[in-house]
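Beneath this line is the structure, given in C-alpha cells, with notes to follow.
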Amino acid sequence: MRPTILALFPRIRRLLRHAGLRIGALLLSATLAACGGGGVSLGFGYVDYDDGYDDYPYHPGWPGGGTSSDPGIFLIAGGLCPTCGGTLDGSGSAARFDAPEGIVLGPDGNLFVAERTSGTIRKVSQQGVAVTLAGSAGASGSSDGAGGAARFNGPTRLEADVDGNLYVTDSGNSTIRQVSAAGAVTTLAGAAGQCGSQDGSAGNARFCNPQGITLDRNGNLYVADTMNHTIRRIDRNNAVTTVAGTAGACGSADGRGNAARFCEPRDIEVDDDGYLYVADTANSTIREISPSGEVRTVAGAAGQCGTADGPGASARFCNAAALTMDGAGTLFVADTGNGTIRRIGSSGAVNTVAGTPGTRNVVLGPLPGSLNAPRGITVLAAGSLAATSQNMVLKLVPAR
C-alpha cells in the first residue's frame with residue numbers, strides 16, 4: 001500500500017535537513033577557501049543520521065554529520081580554517097588553539113590539552129566549551145602559581161590522576177609540573193632551563209626536553225625524556241631513576257635497562273600489569289618495556305618511515321608521536337608523519353582506523369577522513385577517541 005502524505009512527512013523532513021546540511025557544507029568549504037586555502041574539508045555522502053544535526057551545538061558530530069556513535073571524525077572545538085590559530089576561550093568552532101599537542105581525559109569528564117606554542121593548559125568539555133586552566137597565552141616562563149599567574153615554556157604532554165591533578169611535561173623548561181584541579185601549578189621535578197640527565201631527588205634530578213608522561217596504578221610517573229633518549233621514573237617519594245636507555249645515546253637496540261636504546265621517544269603509556277609502551281618517534285617504532293626492564297620492539301622497523309598495516313614486525317609507522325590505551329588493552333597510536341590513527345590489538349596486529357596516509361589536511365565526516373599531523377590522543381567513553389590535529393580538538397569514532 002502506498003504511504004499517506006502524513007507518513008511521508010518525517011522522510012521529507014530528513015531529506016530537507018540533509019540537503020540543507022550539504023548546501024551549508026558547500027558554503028562553508030567556500031568560506032574556508034577564502035580564509036586561507038586548503039587544510040579542512042568535509043566528507044560527503046547521504047546517510048540518514050536521524051537527529052544529529054538538530055542537536056547542534058551540543059552535538060560534536062557537526063559539521064561532518066552523524067551522531068556521536070557513528071564512525072567518523074567530528075569537531076569538538078577549534079577553528080576550521082587552517083589559518084585559524086591563536087588562543088581564545090569559547091565554544092565549538094569559536095574557540096581557538098595554538099599548536100595543541102597532548103590531550104587527556106580527566107576524571108570529571110573534561111578533556112585537558114597542553115598547548116605548546118601559547119604555553120597554556122586548556123580545559124575542554126566534551127560539548128566543546130574551551131577555557132584556559134593555567135598559564136597565560138604568549139607569556140613564556142617557568143613560574144609556579146595559580147591559573148593565569150603560572151608560566152610554562154612549551155608544554156607538550158599531560159596525564160591526570162583520580163583526584164583531577166594534572167602532570168605536565170614542560171618541555172622547554174625541561175621540568176615536570178603539577179597542576180591541581182583548581183589550576184594551581186607547582187614544579188614537581190627538574191630545574192627550569194637546565195637540560196641534563198641526573199637521577200636522584202626530584203629537585204636535584206635533571207631532564208632534557210621531556211615530552212611523554214604516564215601514571216601507573218601505584219602512583220609512579222614514567223617520563224619519555226626525549227632528548228636524553230631515555231625512560232625515567234618518578235616514584236611516590238619523588239625519587240627519579242632511569243628505567244631504560246642511556247642518556248645521549250640515540251639508537252634502536254632491544255635489551256635490558258641501560259643496554260636498550262631509544263631515539264627521541266615522545267610518548268609513553270602503561271597498562272594495568274605495569275608494561276610500558278613507548279612511541280620511539282625518531283625510530284618510527286613502538287617499543288615495550290616489561291616490569292623487569294626488558295625492552296623489545298612490538299611494531300614497526302627502526303629507521304623505516306612508511307605506512308603498512310599487518311603483524312607488528314611488518315607494520316610501518318612514520319614519526320609516531322602519541323599513544324593511548326583503552327580498558328581492553330588495545331593501544332592506539334597517533335602516527336603523526338602519516339596523518340593517521342593506528343590500532344595495535346592484543347595479537348600485535350596493526351591496522352589504520354582513521355585518516356588517509358600522506359594527507360596534510362583535515363576532512364571531517366565518515367571514515368577514513370583525513371588528519372593533519374595528529375600529535376595527541378586519548379580514550380573517551382564508548383569506544384571513541386579524542387585527538388589534537390592542526391589547531392583543533394577532534395572526536396574520532398573508529399569502526400567496530
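Numbering starts fresh at 1 for the residues of each chain in the C-alpha cells, the chains themselves are lettered A, B, ... in the order given, and ligands are numbered from 1 as they appear.
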
| query | Neighbours of A:Thr330 within 9 Å (only C-alpha atoms; same-chain residues fewer than 2 positions away dropped), as number ranges by chain? | reply | A: 324-328, 332, 343-346

Atoms to include: all heavy atoms. Write the selected residues as a JSON list (two decimals), in the first residue's frame.
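Writing done, so here's again-v6.json:
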```
[["chain", "number", "residue", "atom", "x", "y", "z"],
["A", 324, "THR", "N", 47.74, 6.05, 23.39],
["A", 324, "THR", "CA", 46.74, 5.90, 24.44],
["A", 324, "THR", "C", 46.28, 4.45, 24.44],
["A", 324, "THR", "O", 46.46, 3.73, 23.44],
["A", 324, "THR", "CB", 45.55, 6.87, 24.25],
["A", 324, "THR", "OG1", 44.77, 6.88, 25.44],
["A", 324, "THR", "CG2", 44.67, 6.46, 23.07],
["A", 325, "MET", "N", 45.70, 4.01, 25.54],
["A", 325, "MET", "CA", 45.27, 2.62, 25.65],
["A", 325, "MET", "C", 43.88, 2.57, 26.25],
["A", 325, "MET", "O", 43.56, 3.30, 27.20],
["A", 325, "MET", "CB", 46.26, 1.84, 26.54],
["A", 325, "MET", "CG", 45.92, 0.36, 26.71],
["A", 325, "MET", "SD", 47.20, -0.54, 27.62],
["A", 325, "MET", "CE", 48.47, -0.65, 26.36],
["A", 326, "ASP", "N", 43.03, 1.68, 25.70],
["A", 326, "ASP", "CA", 41.68, 1.55, 26.25],
["A", 326, "ASP", "C", 41.64, 0.47, 27.32],
["A", 326, "ASP", "O", 42.65, -0.17, 27.62],
["A", 326, "ASP", "CB", 40.65, 1.30, 25.14],
["A", 326, "ASP", "CG", 40.80, -0.06, 24.46],
["A", 326, "ASP", "OD1", 41.51, -0.95, 24.99],
["A", 326, "ASP", "OD2", 40.18, -0.24, 23.39],
["A", 327, "GLY", "N", 40.47, 0.29, 27.91],
["A", 327, "GLY", "CA", 40.34, -0.64, 29.02],
["A", 327, "GLY", "C", 40.55, -2.09, 28.65],
["A", 327, "GLY", "O", 40.80, -2.93, 29.52],
["A", 328, "ALA", "N", 40.47, -2.41, 27.35],
["A", 328, "ALA", "CA", 40.69, -3.77, 26.90],
["A", 328, "ALA", "C", 42.15, -4.04, 26.55],
["A", 328, "ALA", "O", 42.50, -5.15, 26.12],
["A", 328, "ALA", "CB", 39.81, -4.05, 25.68],
["A", 332, "PHE", "N", 46.32, 2.59, 20.88],
["A", 332, "PHE", "CA", 46.09, 3.47, 19.74],
["A", 332, "PHE", "C", 47.28, 4.41, 19.59],
["A", 332, "PHE", "O", 47.81, 4.91, 20.58],
["A", 332, "PHE", "CB", 44.81, 4.27, 19.93],
["A", 332, "PHE", "CG", 43.56, 3.43, 19.89],
["A", 332, "PHE", "CD1", 43.06, 2.87, 21.06],
["A", 332, "PHE", "CD2", 42.90, 3.19, 18.69],
["A", 332, "PHE", "CE1", 41.91, 2.08, 21.03],
["A", 332, "PHE", "CE2", 41.76, 2.40, 18.65],
["A", 332, "PHE", "CZ", 41.26, 1.84, 19.83],
["A", 343, "ARG", "N", 45.82, 1.29, 15.24],
["A", 343, "ARG", "CA", 45.41, 0.47, 16.37],
["A", 343, "ARG", "C", 46.29, -0.78, 16.41],
["A", 343, "ARG", "O", 46.51, -1.42, 15.38],
["A", 343, "ARG", "CB", 43.94, 0.08, 16.24],
["A", 343, "ARG", "CG", 43.42, -0.84, 17.33],
["A", 343, "ARG", "CD", 41.90, -0.95, 17.29],
["A", 343, "ARG", "NE", 41.42, -1.30, 15.97],
["A", 343, "ARG", "CZ", 40.18, -1.02, 15.53],
["A", 343, "ARG", "NH1", 39.32, -0.39, 16.30],
["A", 343, "ARG", "NH2", 39.81, -1.38, 14.31],
["A", 344, "ILE", "N", 46.79, -1.12, 17.61],
["A", 344, "ILE", "CA", 47.57, -2.34, 17.81],
["A", 344, "ILE", "C", 46.78, -3.23, 18.76],
["A", 344, "ILE", "O", 46.60, -2.89, 19.93],
["A", 344, "ILE", "CB", 48.96, -2.05, 18.38],
["A", 344, "ILE", "CG1", 49.70, -1.04, 17.51],
["A", 344, "ILE", "CG2", 49.78, -3.34, 18.49],
["A", 344, "ILE", "CD1", 51.07, -0.63, 18.04],
["A", 345, "GLY", "N", 46.28, -4.35, 18.26],
["A", 345, "GLY", "CA", 45.48, -5.26, 19.06],
["A", 345, "GLY", "C", 46.33, -6.15, 19.93],
["A", 345, "GLY", "O", 47.57, -6.13, 19.90],
["A", 346, "SER", "N", 45.68, -7.01, 20.70],
["A", 346, "SER", "CA", 46.38, -7.89, 21.63],
["A", 346, "SER", "C", 47.28, -8.89, 20.91],
["A", 346, "SER", "O", 48.27, -9.36, 21.47],
["A", 346, "SER", "CB", 45.37, -8.64, 22.51],
["A", 346, "SER", "OG", 44.46, -9.38, 21.70]]
```

| message | So that I can check the secondary structure, give me every residue of stretch 186-260 of chain A assigned strand (DSSP E) by backbone DSSP, as JSON, numbers by chain. | response | {"A": [186, 187, 188, 189, 200, 201, 212, 213, 214, 215, 221, 222, 223, 224, 225, 230, 231, 232, 233, 234, 239, 240, 241, 242, 243, 244, 255, 256]}

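Compared by their closest atoms to A:Asp235, and using only C-alpha atoms, the residues A:Asn391, A:Ala202, A:Arg266, A:Asp254 rank with A:Ala202 nearest.
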
| query | If you run DSSP on this backbone, which residues of stretch 161-248 of chain A come out as helix (DSSP H, G or I), and could you give them as a VMD selection string? | reply | chain A and resid 171 to 173 226 to 228

| said: Give me the residues near stretch 144-150 of chain A as a PyMOL selection string, where near means some atom within 8 Å (using only C-alpha atoms) and where sequence neighbours in that chain fewer than 2 positions away do not count. | reply: chain A and resi 133-136+142+152+182-187

Written selection (N, CA and C atoms) as a PDB file, in the first residue's frame:
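Dumped everything to again02.pdb:
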```
ATOM      1  N   LEU A 133      42.964  26.858  31.756  1.00  0.00           N
ATOM      2  CA  LEU A 133      43.079  26.449  33.152  1.00  0.00           C
ATOM      3  C   LEU A 133      44.312  27.053  33.814  1.00  0.00           C
ATOM      4  N   ALA A 134      45.432  27.075  33.103  1.00  0.00           N
ATOM      5  CA  ALA A 134      46.681  27.561  33.702  1.00  0.00           C
ATOM      6  C   ALA A 134      47.597  28.101  32.623  1.00  0.00           C
ATOM      7  N   GLY A 135      48.424  29.073  33.013  1.00  0.00           N
ATOM      8  CA  GLY A 135      49.314  29.727  32.069  1.00  0.00           C
ATOM      9  C   GLY A 135      48.643  30.919  31.418  1.00  0.00           C
ATOM     10  N   SER A 136      49.449  31.704  30.729  1.00  0.00           N
ATOM     11  CA  SER A 136      48.953  32.898  30.041  1.00  0.00           C
ATOM     12  C   SER A 136      49.476  32.884  28.617  1.00  0.00           C
ATOM     13  N   SER A 142      58.613  30.099  33.658  1.00  0.00           N
ATOM     14  CA  SER A 142      58.640  28.882  34.480  1.00  0.00           C
ATOM     15  C   SER A 142      58.066  29.118  35.873  1.00  0.00           C
ATOM     16  N   PHE A 152      54.507  28.536  31.683  1.00  0.00           N
ATOM     17  CA  PHE A 152      55.082  27.325  31.087  1.00  0.00           C
ATOM     18  C   PHE A 152      55.935  27.733  29.891  1.00  0.00           C
ATOM     19  N   ALA A 182      42.131  22.823  40.570  1.00  0.00           N
ATOM     20  CA  ALA A 182      41.747  24.229  40.606  1.00  0.00           C
ATOM     21  C   ALA A 182      42.664  25.123  39.775  1.00  0.00           C
ATOM     22  N   GLY A 183      43.747  24.547  39.214  1.00  0.00           N
ATOM     23  CA  GLY A 183      44.645  25.314  38.363  1.00  0.00           C
ATOM     24  C   GLY A 183      45.909  25.820  39.027  1.00  0.00           C
ATOM     25  N   ALA A 184      46.197  25.389  40.258  1.00  0.00           N
ATOM     26  CA  ALA A 184      47.433  25.798  40.929  1.00  0.00           C
ATOM     27  C   ALA A 184      48.605  24.975  40.406  1.00  0.00           C
ATOM     28  N   VAL A 185      49.666  25.641  40.002  1.00  0.00           N
ATOM     29  CA  VAL A 185      50.808  24.994  39.345  1.00  0.00           C
ATOM     30  C   VAL A 185      52.020  24.972  40.262  1.00  0.00           C
ATOM     31  N   THR A 186      52.667  23.798  40.366  1.00  0.00           N
ATOM     32  CA  THR A 186      53.924  23.653  41.096  1.00  0.00           C
ATOM     33  C   THR A 186      54.895  22.852  40.236  1.00  0.00           C
ATOM     34  N   THR A 187      56.192  23.000  40.505  1.00  0.00           N
ATOM     35  CA  THR A 187      57.217  22.227  39.806  1.00  0.00           C
ATOM     36  C   THR A 187      57.499  20.969  40.599  1.00  0.00           C
TER      37      THR A 187
END
```

Which residues are near stretch 315-317 of chain A? Cut-off 9 Å, only C-alpha atoms, ignore same chain within fewer than 3 positions. Put them as a tab-separated table (two decimals) with all heavy atoms, in the first residue's frame.
```
chain	number	residue	atom	x	y	z
A	284	SER	N	60.57	5.55	14.44
A	284	SER	CA	59.30	5.15	13.83
A	284	SER	C	58.86	3.75	14.26
A	284	SER	O	58.37	2.95	13.47
A	284	SER	CB	59.36	5.24	12.29
A	284	SER	OG	59.49	6.58	11.87
A	285	THR	N	59.04	3.48	15.55
A	285	THR	CA	58.66	2.19	16.11
A	285	THR	C	57.87	2.36	17.41
A	285	THR	O	57.89	3.43	18.02
A	285	THR	CB	59.89	1.31	16.41
A	285	THR	OG1	60.78	2.04	17.27
A	285	THR	CG2	60.62	0.91	15.14
A	286	ILE	N	57.22	1.27	17.82
A	286	ILE	CA	56.56	1.19	19.11
A	286	ILE	C	57.30	0.16	19.94
A	286	ILE	O	57.49	-0.98	19.50
A	286	ILE	CB	55.07	0.81	18.98
A	286	ILE	CG1	54.36	1.72	17.96
A	286	ILE	CG2	54.39	0.84	20.34
A	286	ILE	CD1	54.39	3.19	18.31
A	299	ALA	N	56.25	-3.17	17.23
A	299	ALA	CA	55.69	-2.84	15.92
A	299	ALA	C	56.59	-1.84	15.21
A	299	ALA	O	57.19	-0.96	15.84
A	299	ALA	CB	54.29	-2.27	16.05
A	300	GLY	N	56.67	-1.98	13.89
A	300	GLY	CA	57.50	-1.10	13.10
A	300	GLY	C	58.92	-1.62	12.97
A	300	GLY	O	59.30	-2.64	13.59
A	301	ALA	N	59.70	-0.92	12.16
A	301	ALA	CA	61.10	-1.28	11.95
A	301	ALA	C	61.93	-0.01	12.06
A	301	ALA	O	61.62	1.01	11.41
A	301	ALA	CB	61.31	-1.93	10.58
A	304	GLN	N	62.74	2.92	9.35
A	304	GLN	CA	61.92	2.74	8.15
A	304	GLN	C	60.60	3.48	8.30
A	304	GLN	O	59.63	2.96	8.82
A	304	GLN	CB	61.68	1.25	7.88
A	304	GLN	CG	62.96	0.47	7.59
A	304	GLN	CD	62.71	-0.96	7.15
A	304	GLN	OE1	61.70	-1.26	6.52
A	304	GLN	NE2	63.62	-1.85	7.49
A	305	CYS	N	60.61	4.71	7.86
A	305	CYS	CA	59.40	5.54	7.88
A	305	CYS	C	58.52	5.14	6.72
A	305	CYS	O	58.91	5.23	5.56
A	305	CYS	CB	59.80	7.02	7.77
A	305	CYS	SG	58.42	8.16	7.52
A	306	GLY	N	57.31	4.66	7.03
A	306	GLY	CA	56.40	4.22	5.99
A	306	GLY	C	55.02	4.03	6.56
A	306	GLY	O	54.74	4.41	7.70
A	307	THR	N	54.13	3.44	5.79
A	307	THR	CA	52.79	3.14	6.30
A	307	THR	C	52.36	1.80	5.76
A	307	THR	O	52.21	1.61	4.55
A	307	THR	CB	51.77	4.23	5.93
A	307	THR	OG1	50.49	3.89	6.45
A	307	THR	CG2	51.68	4.47	4.44
A	308	ALA	N	52.21	0.84	6.66
A	308	ALA	CA	51.76	-0.50	6.29
A	308	ALA	C	51.08	-1.14	7.48
A	308	ALA	O	51.60	-1.08	8.60
A	308	ALA	CB	52.94	-1.37	5.84
A	309	ASP	N	49.90	-1.69	7.27
A	309	ASP	CA	49.23	-2.46	8.29
A	309	ASP	C	49.73	-3.90	8.24
A	309	ASP	O	50.37	-4.32	7.28
A	309	ASP	CB	47.71	-2.43	8.07
A	309	ASP	CG	47.10	-1.08	8.36
A	309	ASP	OD1	47.77	-0.25	9.02
A	309	ASP	OD2	45.96	-0.84	7.92
A	310	GLY	N	49.43	-4.65	9.32
A	310	GLY	CA	49.84	-6.05	9.35
A	310	GLY	C	50.43	-6.43	10.69
A	310	GLY	O	50.36	-5.66	11.66
A	311	PRO	N	51.03	-7.61	10.77
A	311	PRO	CA	51.68	-8.04	12.01
A	311	PRO	C	52.76	-7.05	12.43
A	311	PRO	O	53.34	-6.35	11.59
A	311	PRO	CB	52.29	-9.40	11.64
A	311	PRO	CG	51.52	-9.85	10.44
A	311	PRO	CD	51.13	-8.61	9.70
A	312	GLY	N	53.02	-6.98	13.73
A	312	GLY	CA	53.92	-5.98	14.29
A	312	GLY	C	55.18	-5.69	13.50
A	312	GLY	O	55.47	-4.55	13.15
A	320	ALA	N	55.71	8.34	14.62
A	320	ALA	CA	54.58	8.22	15.55
A	320	ALA	C	54.92	8.92	16.86
A	320	ALA	O	55.98	8.67	17.44
A	320	ALA	CB	54.26	6.75	15.79
A	335	ASP	N	49.91	8.41	14.50
A	335	ASP	CA	51.02	8.23	13.57
A	335	ASP	C	51.22	9.56	12.85
A	335	ASP	O	50.74	9.78	11.73
A	335	ASP	CB	50.68	7.09	12.60
A	335	ASP	CG	51.89	6.60	11.82
A	335	ASP	OD1	53.00	7.11	12.07
A	335	ASP	OD2	51.72	5.71	10.97
A	336	THR	N	51.95	10.44	13.50
A	336	THR	CA	51.99	11.85	13.14
A	336	THR	C	52.45	12.09	11.70
A	336	THR	O	51.83	12.84	10.96
A	336	THR	CB	52.89	12.60	14.13
A	336	THR	OG1	52.47	12.29	15.46
A	336	THR	CG2	52.83	14.10	13.92
A	337	GLY	N	53.54	11.46	11.31
A	337	GLY	CA	54.08	11.68	9.98
A	337	GLY	C	53.19	11.18	8.87
A	337	GLY	O	53.23	11.70	7.74
A	338	ASN	N	52.35	10.18	9.16
A	338	ASN	CA	51.42	9.66	8.15
A	338	ASN	C	50.06	10.34	8.19
A	338	ASN	O	49.25	10.15	7.29
A	338	ASN	CB	51.23	8.15	8.35
A	338	ASN	CG	52.38	7.34	7.80
A	338	ASN	OD1	52.89	7.63	6.72
A	338	ASN	ND2	52.81	6.33	8.54
A	342	ARG	N	46.38	4.72	14.28
A	342	ARG	CA	46.57	3.29	14.11
A	342	ARG	C	46.17	2.55	15.39
A	342	ARG	O	46.19	3.12	16.48
A	342	ARG	CB	48.06	2.98	13.81
A	342	ARG	CG	48.74	3.93	12.84
A	342	ARG	CD	48.29	3.74	11.40
A	342	ARG	NE	48.69	2.46	10.86
A	342	ARG	CZ	49.93	2.20	10.38
A	342	ARG	NH1	50.87	3.13	10.44
A	342	ARG	NH2	50.22	1.02	9.87
A	349	ALA	N	48.77	-7.19	15.86
A	349	ALA	CA	48.45	-6.74	14.50
A	349	ALA	C	48.10	-5.26	14.49
A	349	ALA	O	47.42	-4.76	15.39
A	349	ALA	CB	47.29	-7.55	13.93
A	350	VAL	N	48.58	-4.56	13.47
A	350	VAL	CA	48.39	-3.11	13.33
A	350	VAL	C	47.40	-2.85	12.20
A	350	VAL	O	47.50	-3.43	11.12
A	350	VAL	CB	49.72	-2.41	13.02
A	350	VAL	CG1	49.52	-0.92	12.81
A	350	VAL	CG2	50.74	-2.67	14.14
A	351	ASN	N	46.42	-1.96	12.46
A	351	ASN	CA	45.56	-1.51	11.38
A	351	ASN	C	45.26	-0.03	11.53
A	351	ASN	O	45.36	0.53	12.62
A	351	ASN	CB	44.27	-2.34	11.28
A	351	ASN	CG	43.41	-2.23	12.51
A	351	ASN	OD1	42.64	-1.29	12.65
A	351	ASN	ND2	43.53	-3.19	13.42
```

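Across A:Gly274, A:Gly369, A:Gly383, A:Gly106, the tightest approach to A:Thr356 is made by A:Gly369 when counting only C-alpha atoms.
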
| task | Pick out the residues sitting within 9 Å of A:Asn153, and hand them over as a PyMOL selection string; count only C-alpha atoms, and ignore anything fewer than 5 positions along from it in its own chain. | result | chain A and resi 116-120+139-142+170-174

Could you dump the residues just selected with C-alpha atoms as a PDB file, in the first residue's frame?
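What landed in out_35.pdb:
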```pdb
ATOM      1  CA  ARG A 116      52.713  24.133  23.257  1.00  0.00           C
ATOM      2  CA  THR A 117      53.118  27.429  21.403  1.00  0.00           C
ATOM      3  CA  SER A 118      50.969  29.528  23.713  1.00  0.00           C
ATOM      4  CA  GLY A 119      52.373  27.939  26.897  1.00  0.00           C
ATOM      5  CA  THR A 120      48.956  27.136  28.378  1.00  0.00           C
ATOM      6  CA  ALA A 139      53.822  34.658  28.205  1.00  0.00           C
ATOM      7  CA  SER A 140      56.560  32.043  28.322  1.00  0.00           C
ATOM      8  CA  GLY A 141      58.370  31.320  31.589  1.00  0.00           C
ATOM      9  CA  SER A 142      58.640  28.882  34.480  1.00  0.00           C
ATOM     10  CA  ASP A 170      57.040  21.355  30.450  1.00  0.00           C
ATOM     11  CA  SER A 171      59.408  20.546  27.628  1.00  0.00           C
ATOM     12  CA  GLY A 172      61.017  23.928  27.021  1.00  0.00           C
ATOM     13  CA  ASN A 173      61.852  24.196  30.724  1.00  0.00           C
ATOM     14  CA  SER A 174      62.986  20.533  30.979  1.00  0.00           C
TER      15      SER A 174
END
```

| task | For A:Thr242, work out the shell of residues within 12 Å, counting only C-alpha atoms and skipping chain neighbours fewer than 3 positions away, then give it as a list of chain:residue names. | result | A:Ser197, A:Gln198, A:Asp199, A:Gly200, A:Ala205, A:Arg206, A:Phe207, A:Leu221, A:Tyr222, A:Val223, A:Ala224, A:Asp225, A:Asn228, A:His229, A:Thr230, A:Ile231, A:Arg232, A:Arg233, A:Ile234, A:Asp235, A:Ala239, A:Gly245, A:Thr246, A:Ala247, A:Gly257, A:Asn258, A:Ala259, A:Ala260, A:Gly293

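The interatomic distance for the pair atom CA of A:Asn204 and atom CA of A:Gly190 works out to 6.5 Å.
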
| query | If we count only C-alpha atoms, what is near A:Pro107 at a cut-off of 10 Å, once residues fewer than 3 positions away on the same chain are taken out, given as a PyMOL selection string? | reply | chain A and resi 104+110-111+160-165

Could the residues in this selection be written to a file with N, CA, C and O atoms, as a tab-separated table (two decimals), in the first residue's frame?
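Dumped everything to part12.tsv:
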```tsv
chain	number	residue	atom	x	y	z
A	104	VAL	N	44.30	14.62	27.39
A	104	VAL	CA	43.96	13.55	28.33
A	104	VAL	C	42.54	13.77	28.84
A	104	VAL	O	42.08	14.92	28.95
A	110	ASN	N	36.04	16.06	31.60
A	110	ASN	CA	36.57	17.10	30.73
A	110	ASN	C	37.87	16.64	30.09
A	110	ASN	O	38.60	15.80	30.65
A	111	LEU	N	38.18	17.20	28.93
A	111	LEU	CA	39.46	16.99	28.28
A	111	LEU	C	40.41	18.10	28.68
A	111	LEU	O	40.00	19.25	28.87
A	160	ALA	N	46.50	12.67	33.93
A	160	ALA	CA	45.60	13.03	35.01
A	160	ALA	C	45.51	11.90	36.02
A	160	ALA	O	45.55	10.72	35.65
A	161	ASP	N	45.39	12.25	37.31
A	161	ASP	CA	45.16	11.22	38.32
A	161	ASP	C	43.69	11.24	38.73
A	161	ASP	O	42.88	12.05	38.25
A	162	VAL	N	43.32	10.34	39.64
A	162	VAL	CA	41.90	10.19	40.01
A	162	VAL	C	41.37	11.39	40.77
A	162	VAL	O	40.14	11.58	40.86
A	163	ASP	N	42.24	12.22	41.31
A	163	ASP	CA	41.81	13.41	42.03
A	163	ASP	C	41.71	14.64	41.13
A	163	ASP	O	41.39	15.74	41.62
A	164	GLY	N	42.03	14.47	39.85
A	164	GLY	CA	41.95	15.59	38.92
A	164	GLY	C	43.21	16.41	38.81
A	164	GLY	O	43.22	17.44	38.15
A	165	ASN	N	44.30	15.97	39.46
A	165	ASN	CA	45.58	16.65	39.28
A	165	ASN	C	46.16	16.28	37.92
A	165	ASN	O	46.03	15.13	37.47
```

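For the choices A:Val295, A:Ala322, A:Asn372, A:Met392, the atom-to-atom distance to A:Gly86 is smallest for A:Met392 when using only C-alpha atoms.
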
| Out of A:Ser91, A:Asn283, A:Thr297, A:Asn218, which residue has the shortest atom-to-atom distance to A:Gly348 when counting only C-alpha atoms? | A:Thr297
